[in-house]
$ cat start-v3.csv   # CSV, C-alpha atoms and all ligand atoms
chain,number,residue,atom,x,y,z
J,240,MET,CA,-107.9,182.2,-28.6
J,241,ASP,CA,-108.8,179.1,-30.7
J,242,ILE,CA,-111.0,177.0,-28.3
J,243,PRO,CA,-111.2,173.4,-29.4
J,244,ARG,CA,-114.7,172.1,-30.6
J,245,ASP,CA,-114.8,169.5,-27.8
J,246,THR,CA,-114.2,172.2,-25.2
J,247,LEU,CA,-116.9,174.4,-26.7
J,248,LEU,CA,-119.5,171.6,-26.7
J,249,GLU,CA,-118.6,170.6,-23.2
J,250,MET,CA,-119.2,174.2,-22.1
J,251,TYR,CA,-122.6,174.1,-23.7
J,252,ARG,CA,-123.4,170.8,-22.1
J,253,ARG,CA,-122.4,172.1,-18.6
J,254,MET,CA,-124.4,175.3,-19.0
J,255,VAL,CA,-127.5,173.5,-20.0
J,256,ARG,CA,-127.0,170.9,-17.2
J,257,ILE,CA,-126.9,173.7,-14.7
J,258,ARG,CA,-130.0,175.4,-16.1
J,259,GLU,CA,-132.0,172.2,-16.2
J,260,PHE,CA,-130.8,171.2,-12.7
J,261,GLU,CA,-131.8,174.6,-11.3
J,262,LEU,CA,-135.2,174.4,-12.9
J,263,ALA,CA,-135.7,171.0,-11.4
J,264,ALA,CA,-134.5,172.1,-8.0
J,265,ILE,CA,-136.9,175.1,-8.1
J,266,ASP,CA,-139.8,172.8,-9.0
J,267,LEU,CA,-139.0,170.4,-6.1
J,268,PHE,CA,-138.8,173.4,-3.8
J,269,LYS,CA,-142.2,174.7,-4.9
J,270,ARG,CA,-143.7,171.3,-4.3
J,271,GLY,CA,-142.4,171.5,-0.7
J,272,GLN,CA,-140.0,168.6,-1.2
J,273,VAL,CA,-136.8,170.6,-0.2
J,274,LYS,CA,-136.1,171.4,3.4
J,275,GLY,CA,-134.3,174.8,3.6
J,276,ALA,CA,-133.7,177.3,0.8
J,277,VAL,CA,-132.6,177.0,-2.8
J,278,HIS,CA,-130.6,179.8,-4.4
J,279,PRO,CA,-130.8,179.5,-8.2
J,280,TYR,CA,-127.8,180.2,-10.4
J,281,ILE,CA,-129.9,180.7,-13.5
J,282,GLY,CA,-128.5,183.5,-15.7
J,283,GLN,CA,-125.0,183.1,-14.3
J,284,GLU,CA,-124.1,179.8,-15.9
J,285,ALA,CA,-121.5,181.3,-18.3
J,286,SER,CA,-119.5,182.6,-15.3
J,287,GLY,CA,-119.1,179.3,-13.4
J,288,VAL,CA,-118.6,177.2,-16.6
J,289,GLY,CA,-116.1,179.6,-18.2
J,290,VAL,CA,-114.0,179.5,-15.1
J,291,CYS,CA,-114.2,175.8,-14.3
J,292,MET,CA,-113.5,174.7,-17.8
J,293,ALA,CA,-110.2,176.5,-17.4
J,294,LEU,CA,-109.3,174.4,-14.4
J,295,ARG,CA,-107.8,170.9,-14.0
J,296,GLY,CA,-109.6,168.1,-12.1
J,297,ASP,CA,-107.2,168.5,-9.2
J,298,ASP,CA,-107.7,172.3,-8.9
J,299,LEU,CA,-110.0,173.3,-6.1
J,300,ILE,CA,-113.0,175.6,-5.9
J,301,ALA,CA,-114.8,177.1,-2.9
J,302,GLY,CA,-118.3,178.3,-3.4
J,303,THR,CA,-121.2,180.3,-1.9
J,304,HIS,CA,-124.8,179.8,-1.0
J,305,ARG,CA,-125.5,179.9,-4.8
J,306,SER,CA,-123.1,177.0,-5.7
J,307,HIS,CA,-125.2,174.3,-7.4
J,308,GLY,CA,-123.9,175.8,-10.6
J,309,HIS,CA,-120.2,176.0,-9.5
J,310,ASN,CA,-120.2,172.3,-8.5
J,311,ILE,CA,-121.8,171.2,-11.7
J,312,ALA,CA,-119.5,173.4,-13.7
J,313,LYS,CA,-116.6,171.6,-12.0
J,314,GLY,CA,-118.0,168.3,-12.9
J,315,ALA,CA,-120.1,167.2,-10.0
J,316,ASP,CA,-122.6,164.3,-10.4
J,317,PRO,CA,-126.2,165.7,-10.7
J,318,LYS,CA,-127.6,162.6,-9.0
J,319,LYS,CA,-125.5,163.1,-5.8
J,320,MET,CA,-126.2,166.8,-6.0
J,321,MET,CA,-130.0,166.4,-6.2
J,322,ALA,CA,-130.0,163.7,-3.5
J,323,GLU,CA,-128.2,166.1,-1.2
J,324,ILE,CA,-130.8,168.8,-1.9
J,325,LEU,CA,-133.5,166.3,-0.8
J,326,GLY,CA,-131.5,165.4,2.3
J,327,LYS,CA,-130.9,161.8,1.2
J,328,GLU,CA,-128.2,159.4,2.3
J,329,THR,CA,-126.9,159.1,-1.3
J,330,GLY,CA,-126.2,162.8,-1.4
J,331,TYR,CA,-122.7,164.3,-1.6
J,332,CYS,CA,-122.8,165.0,2.2
J,333,LYS,CA,-125.1,162.1,3.0
J,334,GLY,CA,-128.0,164.4,3.4
J,335,ARG,CA,-126.4,166.5,6.2
J,336,GLY,CA,-125.6,169.6,4.1
J,337,GLY,CA,-128.6,170.3,1.9
J,338,SER,CA,-128.6,172.8,-1.0
J,339,MET,CA,-126.4,175.4,0.7
J,340,HIS,CA,-123.6,173.2,1.9
J,341,ILE,CA,-122.8,170.8,-0.8
J,342,ALA,CA,-119.1,169.8,-0.9
J,343,ALA,CA,-118.2,167.6,-3.8
J,344,PHE,CA,-114.7,166.5,-2.9
J,345,ASP,CA,-114.5,164.0,-5.8
J,346,THR,CA,-114.5,166.9,-8.3
J,347,GLY,CA,-112.5,169.4,-6.2
J,348,SER,CA,-115.3,171.4,-4.7
J,349,LEU,CA,-114.4,172.3,-1.1
J,350,GLY,CA,-118.0,173.2,-0.5
J,351,ALA,CA,-120.8,175.7,-0.9
J,352,LEU,CA,-120.2,178.1,2.0
J,353,ALA,CA,-123.2,180.1,3.1
J,354,VAL,CA,-121.3,182.7,5.1
J,355,VAL,CA,-120.6,185.5,2.7
J,356,GLY,CA,-116.9,185.8,2.0
J,357,SER,CA,-116.0,182.6,3.9
J,358,GLY,CA,-114.7,180.8,0.8
J,359,ILE,CA,-111.9,183.3,0.5
J,360,PRO,CA,-109.7,182.2,3.5
J,361,ILE,CA,-110.5,178.5,2.8
J,362,ALA,CA,-109.2,178.8,-0.8
J,363,VAL,CA,-106.2,181.0,0.2
J,364,GLY,CA,-105.3,178.3,2.8
J,365,ALA,CA,-105.6,175.6,0.2
J,366,ALA,CA,-103.4,177.6,-2.1
J,367,LEU,CA,-100.8,178.2,0.6
J,368,GLY,CA,-100.8,174.4,1.1
J,369,PHE,CA,-100.2,173.9,-2.7
J,370,LYS,CA,-97.3,176.3,-2.6
J,371,MET,CA,-95.7,174.8,0.5
J,372,GLN,CA,-96.0,171.3,-1.0
J,373,GLY,CA,-94.6,172.4,-4.3
J,374,GLN,CA,-97.8,171.4,-6.2
J,375,ASP,CA,-98.8,173.3,-9.3
J,376,ARG,CA,-102.5,173.4,-8.4
J,377,VAL,CA,-104.8,176.4,-8.3
J,378,ALA,CA,-107.6,177.4,-5.9
J,379,VAL,CA,-110.6,179.4,-7.0
J,380,PRO,CA,-113.0,181.0,-4.5
J,381,PHE,CA,-116.3,182.2,-6.0
J,382,THR,CA,-117.8,185.3,-4.3
J,383,GLY,CA,-120.9,187.3,-5.0
J,384,ASP,CA,-120.6,191.1,-5.2
J,385,ALA,CA,-121.7,191.5,-1.6
J,386,GLY,CA,-118.6,189.5,-0.5
J,387,ILE,CA,-116.3,192.3,-1.7
J,388,ASN,CA,-116.8,194.4,1.5
J,389,THR,CA,-116.1,191.5,3.9
J,390,GLY,CA,-112.9,191.4,6.0
J,391,ASN,CA,-112.3,187.9,4.7
J,392,TRP,CA,-112.1,189.3,1.1
J,393,HIS,CA,-109.6,192.0,1.9
J,394,GLU,CA,-107.4,189.9,4.2
J,395,GLY,CA,-107.5,187.0,1.7
J,396,LEU,CA,-106.6,189.1,-1.3
J,397,ASN,CA,-103.8,190.8,0.7
J,398,MET,CA,-102.3,187.5,1.9
J,399,ALA,CA,-102.5,185.8,-1.4
J,400,SER,CA,-100.9,188.8,-3.2
J,401,VAL,CA,-97.9,189.2,-0.8
J,402,TRP,CA,-97.2,185.5,-0.9
J,403,ASP,CA,-97.9,185.1,-4.7
J,404,LEU,CA,-100.3,182.3,-3.9
J,405,PRO,CA,-102.0,180.4,-6.8
J,406,VAL,CA,-105.5,181.8,-6.4
J,407,VAL,CA,-108.0,183.2,-8.9
J,408,PHE,CA,-110.5,185.3,-7.0
J,409,VAL,CA,-113.7,185.2,-9.0
J,410,LEU,CA,-116.2,187.9,-8.1
J,411,GLU,CA,-119.6,187.3,-9.7
J,412,ASN,CA,-121.3,190.7,-9.9
J,413,ASN,CA,-125.0,189.9,-10.3
J,414,HIS,CA,-125.7,193.4,-8.9
J,415,TYR,CA,-127.6,192.4,-5.8
J,416,GLY,CA,-126.8,191.2,-2.3
J,417,VAL,CA,-130.3,189.9,-1.4
J,418,SER,CA,-132.2,193.2,-1.9
J,419,THR,CA,-129.2,195.6,-1.8
J,420,ASN,CA,-128.0,196.9,-5.2
J,421,ILE,CA,-124.3,197.0,-5.4
J,422,GLU,CA,-124.5,200.7,-6.1
J,423,TYR,CA,-125.7,201.2,-2.5
J,424,SER,CA,-122.7,199.4,-1.0
J,425,VAL,CA,-119.7,200.2,-3.3
J,426,LYS,CA,-118.8,203.6,-4.7
J,427,ILE,CA,-116.9,202.4,-7.8
J,428,LYS,CA,-118.5,200.9,-10.9
J,429,ASP,CA,-115.7,198.7,-12.0
J,430,LEU,CA,-115.1,196.4,-9.1
J,431,SER,CA,-112.0,194.9,-10.7
J,432,ILE,CA,-110.0,198.1,-9.9
J,433,ARG,CA,-109.9,197.0,-6.3
J,434,ALA,CA,-107.2,194.6,-7.4
J,435,ASN,CA,-104.9,197.7,-7.6
J,436,SER,CA,-104.9,197.9,-3.8
J,437,TYR,CA,-103.2,194.5,-3.7
J,438,GLY,CA,-100.9,195.0,-6.6
J,439,ILE,CA,-102.4,192.2,-8.6
J,440,PRO,CA,-104.2,192.1,-12.0
J,441,GLY,CA,-107.9,192.9,-12.0
J,442,VAL,CA,-109.9,191.7,-15.0
J,443,ARG,CA,-113.5,192.5,-15.8
J,444,VAL,CA,-115.4,190.3,-18.3
J,445,ASP,CA,-118.9,189.9,-19.7
J,446,GLY,CA,-120.3,187.2,-17.5
J,447,PHE,CA,-122.9,186.3,-20.0
J,448,ASP,CA,-120.3,185.3,-22.6
J,449,VAL,CA,-118.8,181.9,-21.7
J,450,THR,CA,-115.9,182.1,-24.1
J,451,ALA,CA,-114.9,185.6,-22.8
J,452,VAL,CA,-115.0,184.2,-19.2
J,453,TYR,CA,-113.0,181.1,-20.3
J,454,GLU,CA,-110.3,183.1,-22.0
J,455,ALA,CA,-109.8,185.5,-19.0
J,456,ALA,CA,-109.8,182.5,-16.7
J,457,VAL,CA,-107.2,180.5,-18.7
J,458,GLU,CA,-104.9,183.5,-18.5
J,459,ALA,CA,-105.4,184.0,-14.7
J,460,VAL,CA,-105.1,180.2,-14.0
J,461,GLU,CA,-101.9,180.1,-16.0
J,462,ARG,CA,-100.5,183.0,-14.1
J,463,ALA,CA,-101.4,181.4,-10.8
J,464,ARG,CA,-100.1,178.0,-11.8
J,465,SER,CA,-96.7,179.3,-12.9
J,466,GLY,CA,-96.1,181.0,-9.5
J,467,LYS,CA,-96.9,184.6,-10.6
J,468,GLY,CA,-99.6,185.0,-8.0
J,469,PRO,CA,-103.3,185.7,-7.9
J,470,THR,CA,-105.7,187.6,-10.1
J,471,LEU,CA,-109.1,189.2,-9.4
J,472,LEU,CA,-111.6,188.2,-12.1
J,473,VAL,CA,-114.9,190.0,-12.1
J,474,THR,CA,-117.7,188.5,-14.1
J,475,GLU,CA,-120.5,190.9,-14.9
J,476,SER,CA,-123.8,189.1,-14.9
J,477,TYR,CA,-127.3,189.0,-13.3
J,478,ARG,CA,-129.4,186.5,-11.5
J,479,PHE,CA,-132.6,185.9,-13.4
J,480,GLU,CA,-134.5,184.4,-10.4
J,481,GLY,CA,-135.0,185.9,-6.9
J,482,HIS,CA,-132.4,185.6,-4.3
J,483,TYR,CA,-133.9,182.3,-3.3
J,484,ALA,CA,-136.6,180.3,-5.0
J,485,GLY,CA,-140.0,181.8,-4.3
J,486,GLU,CA,-138.6,185.1,-3.1
J,487,PRO,CA,-141.0,188.1,-3.9
J,488,GLU,CA,-138.3,190.4,-5.5
J,489,VAL,CA,-140.0,193.6,-4.4
J,490,TYR,CA,-136.7,195.5,-4.6
J,491,ARG,CA,-136.2,195.3,-8.4
J,492,ASP,CA,-138.2,196.4,-11.4
J,493,LYS,CA,-139.6,193.6,-13.5
J,494,LYS,CA,-138.5,195.6,-16.6
J,495,GLU,CA,-134.9,195.4,-15.4
J,496,VAL,CA,-135.2,191.6,-15.1
J,497,MET,CA,-136.7,191.4,-18.6
J,498,GLU,CA,-133.9,193.5,-20.1
J,499,TYR,CA,-131.2,191.2,-18.5
J,500,ARG,CA,-133.0,188.1,-19.6
J,501,LYS,CA,-132.4,189.2,-23.2
J,502,LYS,CA,-128.7,188.5,-22.4
J,503,ASP,CA,-129.4,184.9,-21.5
J,504,PRO,CA,-126.0,183.2,-21.9
J,505,ILE,CA,-127.4,179.9,-23.2
J,506,PRO,CA,-129.3,181.0,-26.3
J,507,ARG,CA,-126.4,183.4,-27.0
J,508,PHE,CA,-123.9,180.6,-26.9
J,509,ARG,CA,-126.2,178.5,-29.0
J,510,THR,CA,-126.2,181.1,-31.7
J,511,TYR,CA,-122.5,181.5,-31.5
J,512,LEU,CA,-122.0,177.7,-31.9
J,513,ILE,CA,-124.3,177.6,-34.9
J,514,GLU,CA,-122.9,180.7,-36.6
J,515,LYS,CA,-119.3,179.5,-36.1
J,516,LYS,CA,-120.4,176.1,-37.5
J,517,ILE,CA,-119.2,174.3,-34.4
J,518,ALA,CA,-122.5,172.4,-34.2
J,519,ASP,CA,-125.9,172.5,-36.0
J,520,THR,CA,-129.3,172.7,-34.4
J,521,GLY,CA,-129.6,168.9,-34.5
J,522,VAL,CA,-126.5,168.4,-32.4
J,523,LEU,CA,-127.5,171.0,-29.9
J,524,GLU,CA,-131.0,169.6,-29.6
J,525,GLY,CA,-129.5,166.2,-29.0
J,526,ILE,CA,-127.4,167.6,-26.1
J,527,ASP,CA,-130.5,169.4,-24.7
J,528,SER,CA,-132.6,166.2,-24.7
J,529,ASP,CA,-129.7,164.1,-23.2
J,530,ILE,CA,-129.3,166.6,-20.4
J,531,LYS,CA,-133.0,166.8,-19.7
J,532,GLN,CA,-133.1,163.0,-19.3
J,533,GLN,CA,-130.0,163.2,-17.1
J,534,ILE,CA,-131.7,165.6,-14.8
J,535,ALA,CA,-135.0,163.7,-14.8
J,536,ASP,CA,-132.9,160.6,-13.8
J,537,ALA,CA,-131.2,162.6,-11.0
J,538,VAL,CA,-134.6,163.7,-9.6
J,539,GLN,CA,-135.8,160.1,-9.7
J,540,PHE,CA,-132.6,158.9,-8.1
J,541,ALA,CA,-132.9,161.5,-5.3
J,542,LYS,CA,-136.6,160.7,-4.7
J,543,ASP,CA,-136.0,156.9,-4.6
J,544,SER,CA,-133.0,157.2,-2.2
J,545,PRO,CA,-133.3,156.6,1.5
J,546,GLN,CA,-133.3,159.2,4.2
J,547,PRO,CA,-130.2,158.9,6.5
J,548,ASP,CA,-130.8,156.5,9.3
J,549,PRO,CA,-131.6,158.5,12.5
J,550,SER,CA,-129.1,156.4,14.4
J,551,THR,CA,-126.3,157.9,12.3
J,552,ALA,CA,-127.2,161.5,13.2
J,553,MET,CA,-124.0,162.0,15.3
J,554,ASP,CA,-121.7,160.5,12.7
J,555,TYR,CA,-119.2,162.8,10.9
J,556,ILE,CA,-119.3,165.3,13.8
J,557,TYR,CA,-115.9,166.4,15.0
J,558,VAL,CA,-115.6,167.5,18.6
G,1,LIG,C1,-121.3,187.2,6.7
G,1,LIG,C2,-122.8,187.1,6.2
G,1,LIG,N1,-123.6,188.2,6.3
G,1,LIG,C3,-124.8,188.1,5.9
G,1,LIG,C4,-125.3,186.9,5.4
G,1,LIG,C5,-126.8,186.9,4.9
G,1,LIG,N2,-126.8,186.8,3.4
G,1,LIG,C6,-127.0,185.6,2.8
G,1,LIG,S1,-126.8,185.7,1.2
G,1,LIG,C7,-126.5,187.3,1.3
G,1,LIG,C8,-126.2,188.2,0.0
G,1,LIG,C9,-125.2,187.6,-0.8
G,1,LIG,O1,-125.0,188.4,-1.9
G,1,LIG,P1,-123.8,188.1,-2.9
G,1,LIG,O2,-122.6,187.8,-2.0
G,1,LIG,O3,-123.7,189.2,-3.8
G,1,LIG,O4,-124.2,186.8,-3.6
G,1,LIG,P2,-125.5,186.5,-4.5
G,1,LIG,O5,-126.6,186.1,-3.6
G,1,LIG,O6,-125.8,187.7,-5.2
G,1,LIG,O7,-125.1,185.3,-5.4
G,1,LIG,C10,-126.5,187.8,2.6
G,1,LIG,C11,-126.2,189.2,3.0
G,1,LIG,C12,-124.5,185.8,5.3
G,1,LIG,N3,-124.9,184.7,4.8
G,1,LIG,N4,-123.2,185.9,5.7
$ encode --input "start-v3.csv" --output "structure tokens" --more "lines below"
Ligand SMILES: Cc1ncc(C[n+]2csc(CCOP(=O)(O)OP(=O)(O)O)c2C)c(N)n1
Amino acid sequence: MDIPRDTLLEMYRRMVRIREFELAAIDLFKRGQVKGAVHPYIGQEASGVGVCMALRGDDLIAGTHRSHGHNIAKGADPKKMMAEILGKETGYCKGRGGSMHIAAFDTGSLGALAVVGSGIPIAVGAALGFKMQGQDRVAVPFTGDAGINTGNWHEGLNMASVWDLPVVFVLENNHYGVSTNIEYSVKIKDLSIRANSYGIPGVRVDGFDVTAVYEAAVEAVERARSGKGPTLLVTESYRFEGHYAGEPEVYRDKKEVMEYRKKDPIPRFRTYLIEKKIADTGVLEGIDSDIKQQIADAVQFAKDSPQPDPSTAMDYIYV
């Protein structure tokens, strides 16, 4: 597939934005400025960006507890994201959600959903709505590998397949559900073959390779949009950090982490862009420094923003 230069550079920009955002969020967490946990997406940037770059603005995504990256990949504003993480009034959810529950409706993010597998029925419901209303929009639930054994996952894939709903189920296999390696919980190595049970295509891609993810996602999105039904897209990746920032990681060997870090999707894509003469080092360094400034501005904005007024604590609650 011939991917336009602008698209490739935007992919790079979004991947670096996610990386810098996560590094800043971890830093704030370590300084005790974040209430609650932070689950970094570092190492998995190519997965979220490859998928979201294949979507339109009005397509919807549903995330997980690890969704800072999904939201930024879909175009969310880092200022409103960071403010939400610090529980500020200017955040996406006016400080009520925090890191694990950021919904960025302005960019089509239905929310980071902390209950494993819970994005599946929400996205399938959205897709059913699109179909009933004759809209050509697509819904994409992101799920970690641990989500594959939830009832939501099986019921959602089944319903979407029998009704040919416009969904792309993205399963991000980073190999661990907290401390449980996927090999302990699933007997098959290639998770995409589970698609066979639902009579839909199952595609497995290198989740460190943003162009491979993008190409697979474009095909799956096109299939969904044209009424042919859902696809299961498995992106094989790894989380470089612990399950949450500051987690001791006693369940995995440091050597394993070092090996996977060699596959870092960002330097790999940098090399690709330079070798293909899409951009030279100067252009890429310019992007890097712009993004660093953007994230520094987001942190400052979040710090300077007010806390929600306690008198509004009961606002936005539905009874
Ligand atoms: C239904 C449910 N069971 C258990 C948990 C506790 N829990 C939080 S994150 C997590 C593991 C998630 O692993 P995975 O879905 O693979 O995503 P990853 O953290 O690897 O991105 C678990 C079990 C939960 N949030 N929801």
$ closest_residue --input "start-v3.csv" --among "J:Ile421, J:Ile341, J:Val409, J:Ile359" --to "Asn397 (chain J)" --atoms "only C-alpha atoms"
J:Ile359
$ closest_residue --input "start-v3.csv" --among "J:Arg478, J:Arg464, J:Lys501, J:Arg244" --to "ligand LIG 1 (chain G)" --atoms "only C-alpha atoms and all ligand atoms"
J:Arg478
$ residues_near_ligand --input "start-v3.csv" --ligand "ligand LIG 1 (chain G)" --cutoff "9 Å" --atoms "all atoms listed in the file" --output "PyMOL selection string"
chain J and resi 278-280+303-306+352-357+382-387+389+410-421+477-478+482-483
$ residues_around --input "start-v3.csv" --residues "Asp519 (chain J)" --least-positions-apart "5" --cutoff "10 Å" --atoms "only C-alpha atoms" --output "compact mmCIF listing (two decimals) with C-alpha atoms, in the frame of the given file"
# COMPACT_ATOMS: atom_id res chain seq x y z
CA ARG J 509 -126.20 178.50 -29.00
CA THR J 510 -126.20 181.10 -31.70
CA LEU J 512 -122.00 177.70 -31.90
CA ILE J 513 -124.30 177.60 -34.90
CA GLU J 514 -122.90 180.70 -36.60
CA GLU J 524 -131.00 169.60 -29.60
$ closest_residue --input "start-v3.csv" --among "J:Leu294, J:Val255, J:Ala518, J:Met321" --to "Ser338 (chain J)" --atoms "only C-alpha atoms"
J:Met321
$ atom_distance --input "start-v3.csv" --atom1 "CA of Thr450 (chain J)" --atom2 "CA of Pro243 (chain J)"
11.2 Å
$ residues_around --input "start-v3.csv" --residues "Val290 (chain J)" --least-positions-apart "2" --cutoff "10 Å" --atoms "only C-alpha atoms" --output "number ranges by chain"
J: 285-288, 292-294, 309, 312-313, 379, 381, 407, 409, 449-457, 459-460, 472, 474
$ atom_distance --input "start-v3.csv" --atom1 "CA of Glu328 (chain J)" --atom2 "CA of Pro545 (chain J)"
5.9 Å
$ atom_distance --input "start-v3.csv" --atom1 "CA of Phe540 (chain J)" --atom2 "CA of Ser528 (chain J)"
18.1 Å
$ closest_residue --input "start-v3.csv" --among "J:Cys332, J:Ile281, J:Leu247, J:Ile257" --to "Ile530 (chain J)" --atoms "all atoms listed in the file"
J:Ile257
$ residues_around --input "start-v3.csv" --residues "Met254 (chain J)" --least-positions-apart "2" --cutoff "7 Å" --atoms "only C-alpha atoms" --output "VMD selection string"
chain J and resid 250 to 252 256 to 258 284 to 285 288 505
$ residues_around --input "start-v3.csv" --residues "Ile439 (chain J)" --least-positions-apart "6" --cutoff "12 Å" --atoms "all atoms listed in the file" --output "ChimeraX atom specification"
/J:396-408,431-433,459,462-463,467-472
$ closest_residue --input "start-v3.csv" --among "J:Val277, J:Val538, J:Ile517, J:Ile361" --to "Pro380 (chain J)" --atoms "all atoms listed in the file"
J:Ile361
